[in-house]
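What follows is protein.cif (mmCIF, N, CA and C atoms).
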```cif
data_structure
#
loop_
_atom_site.group_PDB
_atom_site.id
_atom_site.type_symbol
_atom_site.label_atom_id
_atom_site.label_comp_id
_atom_site.auth_asym_id
_atom_site.auth_seq_id
_atom_site.Cartn_x
_atom_site.Cartn_y
_atom_site.Cartn_z
ATOM 1 N N MET A 5 0.821 -1.190 0.000
ATOM 2 C CA MET A 5 0.000 0.000 0.000
ATOM 3 C C MET A 5 0.871 1.263 0.000
ATOM 4 N N HIS A 6 1.971 1.217 0.719
ATOM 5 C CA HIS A 6 2.865 2.375 0.772
ATOM 6 C C HIS A 6 3.413 2.703 -0.613
ATOM 7 N N VAL A 7 3.759 1.682 -1.368
ATOM 8 C CA VAL A 7 4.301 1.895 -2.715
ATOM 9 C C VAL A 7 3.269 2.611 -3.588
ATOM 10 N N ALA A 8 2.029 2.184 -3.513
ATOM 11 C CA ALA A 8 0.971 2.819 -4.312
ATOM 12 C C ALA A 8 0.773 4.274 -3.901
ATOM 13 N N MET A 9 0.864 4.553 -2.607
ATOM 14 C CA MET A 9 0.701 5.926 -2.145
ATOM 15 C C MET A 9 1.862 6.806 -2.610
ATOM 16 N N VAL A 10 3.075 6.276 -2.597
ATOM 17 C CA VAL A 10 4.225 7.053 -3.051
ATOM 18 C C VAL A 10 4.130 7.297 -4.551
ATOM 19 N N ILE A 11 3.752 6.281 -5.313
ATOM 20 C CA ILE A 11 3.577 6.466 -6.759
ATOM 21 C C ILE A 11 2.473 7.490 -7.021
ATOM 22 N N GLY A 12 1.382 7.400 -6.287
ATOM 23 C CA GLY A 12 0.306 8.387 -6.428
ATOM 24 C C GLY A 12 0.782 9.792 -6.114
ATOM 25 N N GLY A 13 1.617 9.914 -5.082
ATOM 26 C CA GLY A 13 2.206 11.210 -4.761
ATOM 27 C C GLY A 13 3.077 11.719 -5.894
ATOM 28 N N GLY A 14 3.802 10.816 -6.549
ATOM 29 C CA GLY A 14 4.626 11.205 -7.691
ATOM 30 C C GLY A 14 3.792 11.687 -8.862
ATOM 31 N N VAL A 15 2.681 11.036 -9.097
ATOM 32 C CA VAL A 15 1.789 11.451 -10.188
ATOM 33 C C VAL A 15 1.194 12.827 -9.874
ATOM 34 N N VAL A 16 0.810 13.032 -8.611
ATOM 35 C CA VAL A 16 0.281 14.343 -8.215
ATOM 36 C C VAL A 16 1.359 15.413 -8.360
ATOM 37 N N LEU A 17 2.586 15.105 -7.932
ATOM 38 C CA LEU A 17 3.680 16.063 -8.069
ATOM 39 C C LEU A 17 3.952 16.381 -9.540
ATOM 40 N N LEU A 18 3.898 15.379 -10.403
ATOM 41 C CA LEU A 18 4.042 15.630 -11.837
ATOM 42 C C LEU A 18 2.944 16.565 -12.323
ATOM 43 N N GLY A 19 1.729 16.338 -11.855
ATOM 44 C CA GLY A 19 0.625 17.227 -12.225
ATOM 45 C C GLY A 19 0.868 18.660 -11.792
ATOM 46 N N VAL A 20 1.449 18.833 -10.604
ATOM 47 C CA VAL A 20 1.775 20.184 -10.128
ATOM 48 C C VAL A 20 2.838 20.820 -11.022
ATOM 49 N N PHE A 21 3.867 20.050 -11.368
ATOM 50 C CA PHE A 21 4.903 20.568 -12.262
ATOM 51 C C PHE A 21 4.298 20.966 -13.606
ATOM 52 N N LEU A 22 3.435 20.114 -14.165
ATOM 53 C CA LEU A 22 2.822 20.425 -15.457
ATOM 54 C C LEU A 22 1.896 21.630 -15.356
ATOM 55 N N LEU A 23 1.197 21.760 -14.232
ATOM 56 C CA LEU A 23 0.336 22.917 -14.034
ATOM 57 C C LEU A 23 1.156 24.206 -14.029
ATOM 58 N N PHE A 24 2.284 24.194 -13.300
ATOM 59 C CA PHE A 24 3.130 25.379 -13.298
ATOM 60 C C PHE A 24 3.732 25.629 -14.677
ATOM 61 N N GLY A 25 4.071 24.575 -15.397
ATOM 62 C CA GLY A 25 4.557 24.758 -16.767
ATOM 63 C C GLY A 25 3.512 25.407 -17.651
ATOM 64 N N LYS A 26 2.266 24.994 -17.471
ATOM 65 C CA LYS A 26 1.161 25.569 -18.248
ATOM 66 C C LYS A 26 0.921 27.028 -17.864
ATOM 67 N N LEU A 27 0.993 27.312 -16.556
ATOM 68 C CA LEU A 27 0.736 28.679 -16.106
ATOM 69 C C LEU A 27 1.856 29.636 -16.503
ATOM 70 N N TRP A 28 3.090 29.169 -16.454
ATOM 71 C CA TRP A 28 4.218 30.049 -16.748
ATOM 72 C C TRP A 28 4.535 30.150 -18.223
ATOM 73 N N GLY A 29 4.323 29.053 -18.964
ATOM 74 C CA GLY A 29 4.706 29.083 -20.365
ATOM 75 C C GLY A 29 3.548 29.077 -21.321
ATOM 76 N N SER A 30 2.485 28.389 -20.956
ATOM 77 C CA SER A 30 1.267 28.341 -21.747
ATOM 78 C C SER A 30 1.459 27.751 -23.149
ATOM 79 N N ASP A 31 2.537 26.969 -23.351
ATOM 80 C CA ASP A 31 2.714 26.305 -24.635
ATOM 81 C C ASP A 31 3.350 24.937 -24.402
ATOM 82 N N ALA A 32 3.425 24.150 -25.448
ATOM 83 C CA ALA A 32 3.917 22.772 -25.332
ATOM 84 C C ALA A 32 5.362 22.683 -24.857
ATOM 85 N N PRO A 33 6.293 23.516 -25.355
ATOM 86 C CA PRO A 33 7.665 23.419 -24.846
ATOM 87 C C PRO A 33 7.773 23.703 -23.342
ATOM 88 N N ALA A 34 6.914 24.549 -22.815
ATOM 89 C CA ALA A 34 6.934 24.824 -21.375
ATOM 90 C C ALA A 34 6.497 23.593 -20.588
ATOM 91 N N LEU A 35 5.522 22.864 -21.113
ATOM 92 C CA LEU A 35 5.101 21.619 -20.459
ATOM 93 C C LEU A 35 6.210 20.583 -20.508
ATOM 94 N N ALA A 36 6.898 20.489 -21.633
ATOM 95 C CA ALA A 36 8.010 19.547 -21.746
ATOM 96 C C ALA A 36 9.132 19.919 -20.778
ATOM 97 N N LEU A 37 9.420 21.203 -20.649
ATOM 98 C CA LEU A 37 10.445 21.651 -19.716
ATOM 99 C C LEU A 37 10.051 21.340 -18.276
ATOM 100 N N ALA A 38 8.798 21.528 -17.940
ATOM 101 C CA ALA A 38 8.319 21.212 -16.592
ATOM 102 C C ALA A 38 8.454 19.721 -16.309
ATOM 103 N N ALA A 39 8.138 18.884 -17.288
ATOM 104 C CA ALA A 39 8.273 17.438 -17.110
ATOM 105 C C ALA A 39 9.739 17.043 -16.982
ATOM 106 N N LYS A 40 10.605 17.719 -17.728
ATOM 107 C CA LYS A 40 12.041 17.449 -17.613
ATOM 108 C C LYS A 40 12.563 17.860 -16.243
ATOM 109 N N ALA A 41 12.050 18.934 -15.694
ATOM 110 C CA ALA A 41 12.465 19.376 -14.358
ATOM 111 C C ALA A 41 11.948 18.428 -13.282
ATOM 112 N N PHE A 42 10.817 17.795 -13.538
ATOM 113 C CA PHE A 42 10.230 16.876 -12.571
ATOM 114 C C PHE A 42 11.102 15.646 -12.343
ATOM 115 N N ILE A 43 11.712 15.117 -13.387
ATOM 116 C CA ILE A 43 12.410 13.834 -13.295
ATOM 117 C C ILE A 43 13.532 13.844 -12.252
ATOM 118 N N PRO A 44 14.462 14.811 -12.247
ATOM 119 C CA PRO A 44 15.492 14.773 -11.190
ATOM 120 C C PRO A 44 14.927 15.022 -9.795
ATOM 121 N N VAL A 45 13.893 15.845 -9.708
ATOM 122 C CA VAL A 45 13.268 16.082 -8.401
ATOM 123 C C VAL A 45 12.647 14.792 -7.893
ATOM 124 N N TRP A 46 11.981 14.070 -8.769
ATOM 125 C CA TRP A 46 11.347 12.820 -8.369
ATOM 126 C C TRP A 46 12.401 11.764 -8.008
ATOM 127 N N LEU A 47 13.525 11.766 -8.690
ATOM 128 C CA LEU A 47 14.599 10.834 -8.339
ATOM 129 C C LEU A 47 15.073 11.087 -6.913
ATOM 130 N N VAL A 48 15.237 12.347 -6.543
ATOM 131 C CA VAL A 48 15.656 12.676 -5.171
ATOM 132 C C VAL A 48 14.600 12.219 -4.169
ATOM 133 N N VAL A 49 13.333 12.452 -4.467
ATOM 134 C CA VAL A 49 12.258 12.025 -3.564
ATOM 135 C C VAL A 49 12.243 10.502 -3.438
ATOM 136 N N ALA A 50 12.407 9.791 -4.538
ATOM 137 C CA ALA A 50 12.420 8.327 -4.499
ATOM 138 C C ALA A 50 13.622 7.815 -3.710
ATOM 139 N N LEU A 51 14.766 8.463 -3.851
ATOM 140 C CA LEU A 51 15.949 8.062 -3.080
ATOM 141 C C LEU A 51 15.748 8.330 -1.590
ATOM 142 N N ILE A 52 15.113 9.432 -1.248
ATOM 143 C CA ILE A 52 14.805 9.707 0.157
ATOM 144 C C ILE A 52 13.853 8.654 0.702
ATOM 145 N N ASN A 53 12.868 8.253 -0.100
ATOM 146 C CA ASN A 53 11.954 7.194 0.311
ATOM 147 C C ASN A 53 12.720 5.892 0.575
ATOM 148 N N MET A 54 13.672 5.589 -0.283
ATOM 149 C CA MET A 54 14.491 4.390 -0.076
ATOM 150 C C MET A 54 15.324 4.516 1.196
ATOM 151 N N TRP A 55 15.914 5.683 1.411
ATOM 152 C CA TRP A 55 16.726 5.911 2.601
ATOM 153 C C TRP A 55 15.895 5.714 3.870
ATOM 154 N N VAL A 56 14.666 6.213 3.863
ATOM 155 C CA VAL A 56 13.787 6.034 5.021
ATOM 156 C C VAL A 56 13.474 4.555 5.220
ATOM 157 N N GLY A 57 13.240 3.840 4.149
ATOM 158 C CA GLY A 57 12.973 2.406 4.254
ATOM 159 C C GLY A 57 14.144 1.638 4.819
ATOM 160 N N VAL A 58 15.345 2.049 4.467
ATOM 161 C CA VAL A 58 16.542 1.348 4.945
ATOM 162 C C VAL A 58 16.867 1.739 6.384
ATOM 163 N N THR A 59 16.825 3.024 6.691
ATOM 164 C CA THR A 59 17.279 3.472 8.011
ATOM 165 C C THR A 59 16.216 3.354 9.095
ATOM 166 N N HIS A 60 14.959 3.552 8.748
ATOM 167 C CA HIS A 60 13.919 3.569 9.776
ATOM 168 C C HIS A 60 13.017 2.339 9.766
ATOM 169 N N ALA A 61 12.770 1.766 8.618
ATOM 170 C CA ALA A 61 11.877 0.608 8.545
ATOM 171 C C ALA A 61 12.625 -0.708 8.670
ATOM 172 N N GLY A 62 13.941 -0.646 8.578
ATOM 173 C CA GLY A 62 14.731 -1.851 8.795
ATOM 174 C C GLY A 62 14.936 -2.731 7.577
ATOM 175 N N TYR A 63 14.590 -2.262 6.403
ATOM 176 C CA TYR A 63 14.829 -3.044 5.195
ATOM 177 C C TYR A 63 16.279 -2.890 4.762
ATOM 178 N N SER A 64 16.769 -3.869 4.025
ATOM 179 C CA SER A 64 18.115 -3.752 3.475
ATOM 180 C C SER A 64 18.049 -3.012 2.138
ATOM 181 N N VAL A 65 19.204 -2.544 1.703
ATOM 182 C CA VAL A 65 19.265 -1.869 0.397
ATOM 183 C C VAL A 65 18.831 -2.837 -0.695
ATOM 184 N N ARG A 66 19.201 -4.091 -0.557
ATOM 185 C CA ARG A 66 18.825 -5.108 -1.547
ATOM 186 C C ARG A 66 17.309 -5.289 -1.615
ATOM 187 N N GLU A 67 16.638 -5.177 -0.492
ATOM 188 C CA GLU A 67 15.178 -5.290 -0.480
ATOM 189 C C GLU A 67 14.505 -4.029 -1.022
ATOM 190 N N GLU A 68 15.105 -2.894 -0.757
ATOM 191 C CA GLU A 68 14.498 -1.620 -1.156
ATOM 192 C C GLU A 68 14.774 -1.235 -2.604
ATOM 193 N N LEU A 69 15.825 -1.770 -3.201
ATOM 194 C CA LEU A 69 16.204 -1.371 -4.550
ATOM 195 C C LEU A 69 15.112 -1.631 -5.594
ATOM 196 N N PRO A 70 14.464 -2.807 -5.600
ATOM 197 C CA PRO A 70 13.379 -2.989 -6.578
ATOM 198 C C PRO A 70 12.209 -2.028 -6.344
ATOM 199 N N ILE A 71 11.955 -1.699 -5.084
ATOM 200 C CA ILE A 71 10.889 -0.751 -4.782
ATOM 201 C C ILE A 71 11.264 0.632 -5.313
ATOM 202 N N LEU A 72 12.531 1.014 -5.149
ATOM 203 C CA LEU A 72 13.008 2.292 -5.686
ATOM 204 C C LEU A 72 12.775 2.361 -7.188
ATOM 205 N N VAL A 73 13.107 1.291 -7.879
ATOM 206 C CA VAL A 73 12.950 1.274 -9.338
ATOM 207 C C VAL A 73 11.490 1.462 -9.720
ATOM 208 N N ILE A 74 10.590 0.748 -9.064
ATOM 209 C CA ILE A 74 9.166 0.851 -9.375
ATOM 210 C C ILE A 74 8.645 2.242 -9.050
ATOM 211 N N VAL A 75 8.981 2.719 -7.841
ATOM 212 C CA VAL A 75 8.495 4.025 -7.390
ATOM 213 C C VAL A 75 8.996 5.135 -8.309
ATOM 214 N N PHE A 76 10.226 5.033 -8.769
ATOM 215 C CA PHE A 76 10.764 6.076 -9.648
ATOM 216 C C PHE A 76 10.209 5.958 -11.061
ATOM 217 N N LEU A 77 10.176 4.753 -11.602
ATOM 218 C CA LEU A 77 9.883 4.598 -13.025
ATOM 219 C C LEU A 77 8.446 4.928 -13.419
ATOM 220 N N VAL A 78 7.484 4.645 -12.595
ATOM 221 C CA VAL A 78 6.095 4.882 -13.007
ATOM 222 C C VAL A 78 5.843 6.376 -13.248
ATOM 223 N N PRO A 79 6.097 7.269 -12.273
ATOM 224 C CA PRO A 79 5.901 8.695 -12.569
ATOM 225 C C PRO A 79 6.889 9.235 -13.612
ATOM 226 N N ALA A 80 8.117 8.717 -13.622
ATOM 227 C CA ALA A 80 9.089 9.176 -14.618
ATOM 228 C C ALA A 80 8.644 8.776 -16.027
ATOM 229 N N ALA A 81 8.031 7.621 -16.176
ATOM 230 C CA ALA A 81 7.518 7.208 -17.484
ATOM 231 C C ALA A 81 6.374 8.121 -17.924
ATOM 232 N N LEU A 82 5.527 8.515 -16.992
ATOM 233 C CA LEU A 82 4.464 9.468 -17.334
ATOM 234 C C LEU A 82 5.056 10.818 -17.725
ATOM 235 N N ALA A 83 6.120 11.235 -17.045
ATOM 236 C CA ALA A 83 6.796 12.474 -17.414
ATOM 237 C C ALA A 83 7.426 12.342 -18.800
ATOM 238 N N ALA A 84 8.023 11.192 -19.092
ATOM 239 C CA ALA A 84 8.602 10.967 -20.418
ATOM 240 C C ALA A 84 7.515 11.025 -21.500
ATOM 241 N N LEU A 85 6.348 10.502 -21.183
ATOM 242 C CA LEU A 85 5.236 10.586 -22.118
ATOM 243 C C LEU A 85 4.839 12.049 -22.352
ATOM 244 N N ALA A 86 4.806 12.844 -21.287
ATOM 245 C CA ALA A 86 4.497 14.270 -21.434
ATOM 246 C C ALA A 86 5.548 15.000 -22.245
ATOM 247 N N ILE A 87 6.817 14.620 -22.052
ATOM 248 C CA ILE A 87 7.899 15.231 -22.833
ATOM 249 C C ILE A 87 7.745 14.853 -24.298
ATOM 250 N N TRP A 88 7.461 13.596 -24.554
ATOM 251 C CA TRP A 88 7.333 13.111 -25.942
ATOM 252 C C TRP A 88 6.163 13.802 -26.650
ATOM 253 N N ARG A 89 5.053 13.959 -25.945
ATOM 254 C CA ARG A 89 3.875 14.561 -26.571
ATOM 255 C C ARG A 89 3.990 16.074 -26.751
ATOM 256 N N ASN A 90 4.782 16.716 -25.885
ATOM 257 C CA ASN A 90 4.864 18.180 -25.927
ATOM 258 C C ASN A 90 6.211 18.708 -26.395
ATOM 259 N N GLY A 91 7.180 17.813 -26.574
ATOM 260 C CA GLY A 91 8.526 18.251 -26.899
ATOM 261 C C GLY A 91 8.745 18.396 -28.323
#
```
Please, can you express the file's structure as structure tokens?
Amino acid sequence: MHVAMVIGGGVVLLGVFLLFGKLWGSDAPALALAAKAFIPVWLVVALINMWVGVTHAGYSVREELPILVIVFLVPAALAALAIWRNG
């Protein structure tokens, strides 16, 4: 359930980035730029989520690594789709 909530948070954060891209640029390249800016920010958030899982929840890095990949890739793939459609 936690993984789904984190992925959902990533999708919402992507929506916020795209909203600001739309408000500030109002054209397709601005949306693509917003999606490009989202990806490194989301990577940092996903890494922090992994760090919390390792240090506070007691999981090993080996156990958390597949979760990191899933948590990062789903919203990043949606961002890549936004870049492809608007870039």
Quiz item: Using the chain letters and numbers from the file, which residues does the PyMOL selection byres ((chain A and resi 25) around 7) grab, as a list in words?
Solution: Val20, Phe21, Leu22, Leu23, Phe24, Lys26, Leu27, Trp28, Gly29, Ser30, Asp31, Ala34, Leu35, Ala36, Leu37, Ala38 and Ala39 of chain A
Written selection (N, CA and C atoms) as a PDB file, keeping the file's coordinate frame:
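Output (selection36.pdb):
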```pdb
ATOM      1  N   VAL A  20       1.449  18.833 -10.604  1.00  0.00           N
ATOM      2  CA  VAL A  20       1.775  20.184 -10.128  1.00  0.00           C
ATOM      3  C   VAL A  20       2.838  20.820 -11.022  1.00  0.00           C
ATOM      4  N   PHE A  21       3.867  20.050 -11.368  1.00  0.00           N
ATOM      5  CA  PHE A  21       4.903  20.568 -12.262  1.00  0.00           C
ATOM      6  C   PHE A  21       4.298  20.966 -13.606  1.00  0.00           C
ATOM      7  N   LEU A  22       3.435  20.114 -14.165  1.00  0.00           N
ATOM      8  CA  LEU A  22       2.822  20.425 -15.457  1.00  0.00           C
ATOM      9  C   LEU A  22       1.896  21.630 -15.356  1.00  0.00           C
ATOM     10  N   LEU A  23       1.197  21.760 -14.232  1.00  0.00           N
ATOM     11  CA  LEU A  23       0.336  22.917 -14.034  1.00  0.00           C
ATOM     12  C   LEU A  23       1.156  24.206 -14.029  1.00  0.00           C
ATOM     13  N   PHE A  24       2.284  24.194 -13.300  1.00  0.00           N
ATOM     14  CA  PHE A  24       3.130  25.379 -13.298  1.00  0.00           C
ATOM     15  C   PHE A  24       3.732  25.629 -14.677  1.00  0.00           C
ATOM     16  N   LYS A  26       2.266  24.994 -17.471  1.00  0.00           N
ATOM     17  CA  LYS A  26       1.161  25.569 -18.248  1.00  0.00           C
ATOM     18  C   LYS A  26       0.921  27.028 -17.864  1.00  0.00           C
ATOM     19  N   LEU A  27       0.993  27.312 -16.556  1.00  0.00           N
ATOM     20  CA  LEU A  27       0.736  28.679 -16.106  1.00  0.00           C
ATOM     21  C   LEU A  27       1.856  29.636 -16.503  1.00  0.00           C
ATOM     22  N   TRP A  28       3.090  29.169 -16.454  1.00  0.00           N
ATOM     23  CA  TRP A  28       4.218  30.049 -16.748  1.00  0.00           C
ATOM     24  C   TRP A  28       4.535  30.150 -18.223  1.00  0.00           C
ATOM     25  N   GLY A  29       4.323  29.053 -18.964  1.00  0.00           N
ATOM     26  CA  GLY A  29       4.706  29.083 -20.365  1.00  0.00           C
ATOM     27  C   GLY A  29       3.548  29.077 -21.321  1.00  0.00           C
ATOM     28  N   SER A  30       2.485  28.389 -20.956  1.00  0.00           N
ATOM     29  CA  SER A  30       1.267  28.341 -21.747  1.00  0.00           C
ATOM     30  C   SER A  30       1.459  27.751 -23.149  1.00  0.00           C
ATOM     31  N   ASP A  31       2.537  26.969 -23.351  1.00  0.00           N
ATOM     32  CA  ASP A  31       2.714  26.305 -24.635  1.00  0.00           C
ATOM     33  C   ASP A  31       3.350  24.937 -24.402  1.00  0.00           C
ATOM     34  N   ALA A  34       6.914  24.549 -22.815  1.00  0.00           N
ATOM     35  CA  ALA A  34       6.934  24.824 -21.375  1.00  0.00           C
ATOM     36  C   ALA A  34       6.497  23.593 -20.588  1.00  0.00           C
ATOM     37  N   LEU A  35       5.522  22.864 -21.113  1.00  0.00           N
ATOM     38  CA  LEU A  35       5.101  21.619 -20.459  1.00  0.00           C
ATOM     39  C   LEU A  35       6.210  20.583 -20.508  1.00  0.00           C
ATOM     40  N   ALA A  36       6.898  20.489 -21.633  1.00  0.00           N
ATOM     41  CA  ALA A  36       8.010  19.547 -21.746  1.00  0.00           C
ATOM     42  C   ALA A  36       9.132  19.919 -20.778  1.00  0.00           C
ATOM     43  N   LEU A  37       9.420  21.203 -20.649  1.00  0.00           N
ATOM     44  CA  LEU A  37      10.445  21.651 -19.716  1.00  0.00           C
ATOM     45  C   LEU A  37      10.051  21.340 -18.276  1.00  0.00           C
ATOM     46  N   ALA A  38       8.798  21.528 -17.940  1.00  0.00           N
ATOM     47  CA  ALA A  38       8.319  21.212 -16.592  1.00  0.00           C
ATOM     48  C   ALA A  38       8.454  19.721 -16.309  1.00  0.00           C
ATOM     49  N   ALA A  39       8.138  18.884 -17.288  1.00  0.00           N
ATOM     50  CA  ALA A  39       8.273  17.438 -17.110  1.00  0.00           C
ATOM     51  C   ALA A  39       9.739  17.043 -16.982  1.00  0.00           C
TER      52      ALA A  39
END
```
Near-A:Val78 list (8 Å; all atoms listed in the file; drop same-chain fewer than 6 positions) as an mmCIF file with N, CA and C atoms, in the frame of the given file:
```cif
data_model
loop_
_atom_site.group_PDB
_atom_site.id
_atom_site.type_symbol
_atom_site.label_atom_id
_atom_site.label_comp_id
_atom_site.auth_asym_id
_atom_site.auth_seq_id
_atom_site.Cartn_x
_atom_site.Cartn_y
_atom_site.Cartn_z
ATOM 1 N N ILE A 11 3.752 6.281 -5.313
ATOM 2 C CA ILE A 11 3.577 6.466 -6.759
ATOM 3 C C ILE A 11 2.473 7.490 -7.021
ATOM 4 N N GLY A 14 3.802 10.816 -6.549
ATOM 5 C CA GLY A 14 4.626 11.205 -7.691
ATOM 6 C C GLY A 14 3.792 11.687 -8.862
ATOM 7 N N VAL A 15 2.681 11.036 -9.097
ATOM 8 C CA VAL A 15 1.789 11.451 -10.188
ATOM 9 C C VAL A 15 1.194 12.827 -9.874
ATOM 10 N N LEU A 72 12.531 1.014 -5.149
ATOM 11 C CA LEU A 72 13.008 2.292 -5.686
ATOM 12 C C LEU A 72 12.775 2.361 -7.188
ATOM 13 N N ALA A 84 8.023 11.192 -19.092
ATOM 14 C CA ALA A 84 8.602 10.967 -20.418
ATOM 15 C C ALA A 84 7.515 11.025 -21.500
#
```
Skipping near chain neighbours, those fewer than 5 positions away, what residues fall within 8 Å of stretch 48-52 of chain A using only N, CA and C atoms, listed as a PDB file with N, CA and C atoms, in the coordinates of the input?
```
ATOM      1  N   PHE A  42      10.817  17.795 -13.538  1.00  0.00           N
ATOM      2  CA  PHE A  42      10.230  16.876 -12.571  1.00  0.00           C
ATOM      3  C   PHE A  42      11.102  15.646 -12.343  1.00  0.00           C
ATOM      4  N   ILE A  43      11.712  15.117 -13.387  1.00  0.00           N
ATOM      5  CA  ILE A  43      12.410  13.834 -13.295  1.00  0.00           C
ATOM      6  C   ILE A  43      13.532  13.844 -12.252  1.00  0.00           C
ATOM      7  N   GLY A  57      13.240   3.840   4.149  1.00  0.00           N
ATOM      8  CA  GLY A  57      12.973   2.406   4.254  1.00  0.00           C
ATOM      9  C   GLY A  57      14.144   1.638   4.819  1.00  0.00           C
ATOM     10  N   VAL A  58      15.345   2.049   4.467  1.00  0.00           N
ATOM     11  CA  VAL A  58      16.542   1.348   4.945  1.00  0.00           C
ATOM     12  C   VAL A  58      16.867   1.739   6.384  1.00  0.00           C
ATOM     13  N   ILE A  71      11.955  -1.699  -5.084  1.00  0.00           N
ATOM     14  CA  ILE A  71      10.889  -0.751  -4.782  1.00  0.00           C
ATOM     15  C   ILE A  71      11.264   0.632  -5.313  1.00  0.00           C
ATOM     16  N   LEU A  72      12.531   1.014  -5.149  1.00  0.00           N
ATOM     17  CA  LEU A  72      13.008   2.292  -5.686  1.00  0.00           C
ATOM     18  C   LEU A  72      12.775   2.361  -7.188  1.00  0.00           C
ATOM     19  N   VAL A  73      13.107   1.291  -7.879  1.00  0.00           N
ATOM     20  CA  VAL A  73      12.950   1.274  -9.338  1.00  0.00           C
ATOM     21  C   VAL A  73      11.490   1.462  -9.720  1.00  0.00           C
ATOM     22  N   VAL A  75       8.981   2.719  -7.841  1.00  0.00           N
ATOM     23  CA  VAL A  75       8.495   4.025  -7.390  1.00  0.00           C
ATOM     24  C   VAL A  75       8.996   5.135  -8.309  1.00  0.00           C
ATOM     25  N   PHE A  76      10.226   5.033  -8.769  1.00  0.00           N
ATOM     26  CA  PHE A  76      10.764   6.076  -9.648  1.00  0.00           C
ATOM     27  C   PHE A  76      10.209   5.958 -11.061  1.00  0.00           C
TER      28      PHE A  76
END
```
Quiz prompt | Interatomic distance (Å, one decimal) between atom C of A:Ala80 and atom N of A:Ala32 | solution = 18.8 Å
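Picture a line from atom C of A:His6 to atom CA of A:Glu68; it runs 11.9 Å.
Proximity to A:Met54 was assessed for A:Val10, A:Ala81, A:Met5, A:Leu18 counting only C-alpha atoms; the smallest distance is recorded for A:Val10.
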